[in-house]
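Asker: Would you mind keeping the following structure in view while I ask a few things?
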Amino acid sequence: MPRKPIIAANWKMHKGPADAAAFIEEFENLIGGSSSVEIVLSPTFVTLPAAKAALANSETTQLAAQNCHFEDKGAFTGEISIGMLQEIGVDYVIIGHSERRTLFGEDDAMINAKAKALHAAGVKPIVCIGETLEERESGQLESVLRRQLEVGLKELSADKMPATVIAYEPVWAIGTGKTASPADAQQAHAFVRKVLGELFGEEVAAQIRIQYGGSVKPANTAELMAQPDIDGALVGGASLEPGSFSEICKNAG
Ligand code: PEP
């Protein structure tokens with residue numbers, strides 16, 4: 001079965017409720033009610049309810065949170081549980097973004113705890129992985145990706161994996177304007193799929209969507225998406241404007 005491309009906007013710490021509602025109104029008009037790709041918006045926690053309301057009649061666009069905690073409740077000041085996100089109606093949760101890893105000290109074991117909790121709750125994870133420039137230049141690309149997948153996806157059941165999305169985001173390409181070449185990105189994606197095959201079986205690996213992330217723009221989307229193992233994009237900067245994000249979604253289709 002062909003994998004349906006998935007294009008997700010990562011708004012990071014941008015857009016409060018009013019900005020998000022204005023974005024969604026314009027974006028939905030530009031998309032025009034149908035799309036051949038799955039589209040996901042990831043606002044901040046406080047913006048999720050307004051975004052959900054603005055998307056109430058959308059046939060195309062779903063919602064993700066940018067993070068979650070792995071416990072149901074408790075003394076975790078500043079954290080948000082998966083149950084709370086379900087109450088709002090999120091479809092996906094991004095976990096392990098490189099900014100969470102580097103700025104907030106999240107490691108593969110914590111990302112694994114979040115992935116397990118999301119699977120248990122029936123919410124789809126978007127699991128981010130990717131190497132730093134130093135790791136790539138010192139020949140560690142494959143060992144880093146393998147570790148992130150082996151530890152981050154440890155003990156997850158294979159039957160939940162087709163609904164899980166992997167986002168391969170070379171850290172040196174995030175927010176820098178530097179994109180991996182389509183050939184380099186494809187090589188990394190093929191390696192990720194090979195490791196997924198070792199972990200969950202090839203039939204399951206063939207169903208898992210692997211997004212590319214790192215300075216995706218309207219102009220480079222089609223070429224990246226033409227690669228056989230690139231099944232979508234996780235988009236930061238270029239997702240903040242309805243015009244550029246809708247163009248990315250169209251060019252990915
Ligand atoms: C990201 O933050 O996940 C990302 C890919 O950002 P940008 O598109 O701005 O590089």
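Convention: chains lettered A, B, ... in structure tokens order; per-chain residue numbering from 1; ligands numbered from 1 as shown.
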Do you know which residues are within 6 Å of ligand 1 using only C-alpha atoms and all ligand atoms? Can you write them as a ChimeraX atom specification?
Answerer: /A:10,173-175,213-216,234-237
Asker: Would you put the residues from that selection into a file with N, CA, C and O atoms, as a compact mmCIF listing (two decimals), in the first residue's frame?
Answerer:
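Written out: result_38.txt:
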# COMPACT_ATOMS: atom_id res chain seq x y z
N ASN A 10 5.65 22.77 12.30
CA ASN A 10 6.09 22.90 13.70
C ASN A 10 6.22 24.38 13.99
O ASN A 10 7.19 25.02 13.57
N ALA A 173 20.60 21.19 9.74
CA ALA A 173 19.73 21.74 8.69
C ALA A 173 18.51 22.46 9.28
O ALA A 173 17.75 23.10 8.55
N ILE A 174 18.32 22.38 10.60
CA ILE A 174 17.12 22.96 11.21
C ILE A 174 17.32 24.46 11.41
O ILE A 174 18.22 24.88 12.14
N GLY A 175 16.50 25.24 10.74
CA GLY A 175 16.50 26.69 10.92
C GLY A 175 17.76 27.38 10.40
O GLY A 175 18.02 28.54 10.72
N GLY A 213 13.02 16.77 7.72
CA GLY A 213 12.89 18.12 8.27
C GLY A 213 14.24 18.81 8.27
O GLY A 213 15.28 18.19 8.54
N GLY A 214 14.22 20.10 7.96
CA GLY A 214 15.46 20.89 7.94
C GLY A 214 15.43 21.83 6.76
O GLY A 214 15.79 21.45 5.65
N SER A 215 14.93 23.06 7.01
CA SER A 215 14.90 24.10 5.99
C SER A 215 14.12 23.68 4.74
O SER A 215 14.53 24.01 3.61
N VAL A 216 13.01 22.97 4.95
CA VAL A 216 12.12 22.68 3.82
C VAL A 216 11.40 23.97 3.43
O VAL A 216 10.95 24.73 4.29
N LEU A 234 8.61 17.77 7.97
CA LEU A 234 8.32 18.52 9.19
C LEU A 234 8.93 19.89 8.95
O LEU A 234 10.13 20.01 8.69
N VAL A 235 8.09 20.92 9.03
CA VAL A 235 8.49 22.24 8.54
C VAL A 235 8.41 23.27 9.65
O VAL A 235 7.36 23.43 10.28
N GLY A 236 9.52 23.95 9.92
CA GLY A 236 9.53 25.00 10.93
C GLY A 236 9.25 26.35 10.29
O GLY A 236 8.10 26.73 10.04
N GLY A 237 10.31 27.10 9.98
CA GLY A 237 10.20 28.49 9.52
C GLY A 237 9.19 28.70 8.39
O GLY A 237 8.36 29.63 8.44
Asker: Which residues of range 80-124 of chain A come within 12 Å of range 141-160 of chain A, and for each one, what is the closest pair of atoms and their distance in Å to one decimal, counting only C-alpha atoms, sorted by chain and residue number, as JSON lines?
Answerer:
{"residue": "A:Ile95", "atom": "CA", "partner": "A:Gly152", "partner_atom": "CA", "distance": 9.8}
{"residue": "A:Gly96", "atom": "CA", "partner": "A:Gly152", "partner_atom": "CA", "distance": 8.7}
{"residue": "A:His97", "atom": "CA", "partner": "A:Gln148", "partner_atom": "CA", "distance": 11.7}
{"residue": "A:Ser98", "atom": "CA", "partner": "A:Gln148", "partner_atom": "CA", "distance": 11.5}
{"residue": "A:Arg101", "atom": "CA", "partner": "A:Gln148", "partner_atom": "CA", "distance": 11.3}
{"residue": "A:Glu106", "atom": "CA", "partner": "A:Gly152", "partner_atom": "CA", "distance": 11.0}
{"residue": "A:Asp107", "atom": "CA", "partner": "A:Gly152", "partner_atom": "CA", "distance": 8.5}
{"residue": "A:Asp108", "atom": "CA", "partner": "A:Gly152", "partner_atom": "CA", "distance": 4.9}
{"residue": "A:Ala109", "atom": "CA", "partner": "A:Gly152", "partner_atom": "CA", "distance": 6.1}
{"residue": "A:Met110", "atom": "CA", "partner": "A:Gly152", "partner_atom": "CA", "distance": 7.8}
{"residue": "A:Ile111", "atom": "CA", "partner": "A:Gly152", "partner_atom": "CA", "distance": 5.6}
{"residue": "A:Asn112", "atom": "CA", "partner": "A:Gly152", "partner_atom": "CA", "distance": 4.3}
{"residue": "A:Ala113", "atom": "CA", "partner": "A:Gly152", "partner_atom": "CA", "distance": 8.1}
{"residue": "A:Lys114", "atom": "CA", "partner": "A:Gly152", "partner_atom": "CA", "distance": 9.0}
{"residue": "A:Ala115", "atom": "CA", "partner": "A:Leu153", "partner_atom": "CA", "distance": 7.1}
{"residue": "A:Lys116", "atom": "CA", "partner": "A:Leu156", "partner_atom": "CA", "distance": 6.3}
{"residue": "A:Ala117", "atom": "CA", "partner": "A:Leu156", "partner_atom": "CA", "distance": 9.9}
{"residue": "A:Leu118", "atom": "CA", "partner": "A:Lys160", "partner_atom": "CA", "distance": 10.1}
{"residue": "A:His119", "atom": "CA", "partner": "A:Lys160", "partner_atom": "CA", "distance": 6.8}
{"residue": "A:Ala120", "atom": "CA", "partner": "A:Lys160", "partner_atom": "CA", "distance": 9.4}
{"residue": "A:Ala121", "atom": "CA", "partner": "A:Lys160", "partner_atom": "CA", "distance": 11.1}
{"residue": "A:Gly122", "atom": "CA", "partner": "A:Lys160", "partner_atom": "CA", "distance": 8.7}
{"residue": "A:Val123", "atom": "CA", "partner": "A:Lys160", "partner_atom": "CA", "distance": 10.0}
{"residue": "A:Lys124", "atom": "CA", "partner": "A:Lys160", "partner_atom": "CA", "distance": 8.7}
Asker: Which distance in Å separates CA of Asn251 in chain A and CA of Ala219 in chain A, to one decimal?
Answerer: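 Distance between the two atoms: 8.5 Å.
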Asker: Give me the residues within 8 Å of Thr164 in chain A as a PDB file with N, CA and C atoms, in the first residue's frame, counting only C-alpha atoms and dropping any in the same chain fewer than 3 places off.
Answerer:
ATOM      1  N   LYS A 124      -0.955   9.269  18.089  1.00  0.00           N
ATOM      2  CA  LYS A 124       0.142   8.927  17.169  1.00  0.00           C
ATOM      3  C   LYS A 124       1.388   9.793  17.426  1.00  0.00           C
ATOM      4  N   PRO A 125       2.535   9.167  17.667  1.00  0.00           N
ATOM      5  CA  PRO A 125       3.753   9.960  17.864  1.00  0.00           C
ATOM      6  C   PRO A 125       4.418  10.340  16.530  1.00  0.00           C
ATOM      7  N   ILE A 126       5.019  11.508  16.509  1.00  0.00           N
ATOM      8  CA  ILE A 126       5.972  11.875  15.449  1.00  0.00           C
ATOM      9  C   ILE A 126       7.328  11.922  16.158  1.00  0.00           C
ATOM     10  N   VAL A 127       8.150  10.926  15.918  1.00  0.00           N
ATOM     11  CA  VAL A 127       9.399  10.783  16.677  1.00  0.00           C
ATOM     12  C   VAL A 127      10.553  11.392  15.871  1.00  0.00           C
ATOM     13  N   LYS A 160       1.519  -1.097  16.352  1.00  0.00           N
ATOM     14  CA  LYS A 160       1.239   0.350  16.470  1.00  0.00           C
ATOM     15  C   LYS A 160       2.205   1.183  15.596  1.00  0.00           C
ATOM     16  N   MET A 161       3.217   0.533  15.019  1.00  0.00           N
ATOM     17  CA  MET A 161       4.227   1.303  14.296  1.00  0.00           C
ATOM     18  C   MET A 161       3.734   1.932  12.985  1.00  0.00           C
ATOM     19  N   ILE A 208       5.753   2.547   7.470  1.00  0.00           N
ATOM     20  CA  ILE A 208       6.022   3.693   8.355  1.00  0.00           C
ATOM     21  C   ILE A 208       6.446   4.907   7.519  1.00  0.00           C
ATOM     22  N   ARG A 209       5.796   6.032   7.807  1.00  0.00           N
ATOM     23  CA  ARG A 209       6.160   7.248   7.066  1.00  0.00           C
ATOM     24  C   ARG A 209       7.350   7.936   7.734  1.00  0.00           C
TER      25      ARG A 209
END
Asker: Excluding Arg3 in chain A and any residue of its chain fewer than 6 positions from it, enumerate the residues within 10 Å of it, using only C-alpha atoms, and give them as a PyMOL selection string.
Answerer: chain A and resi 37+162+206-210+229-232
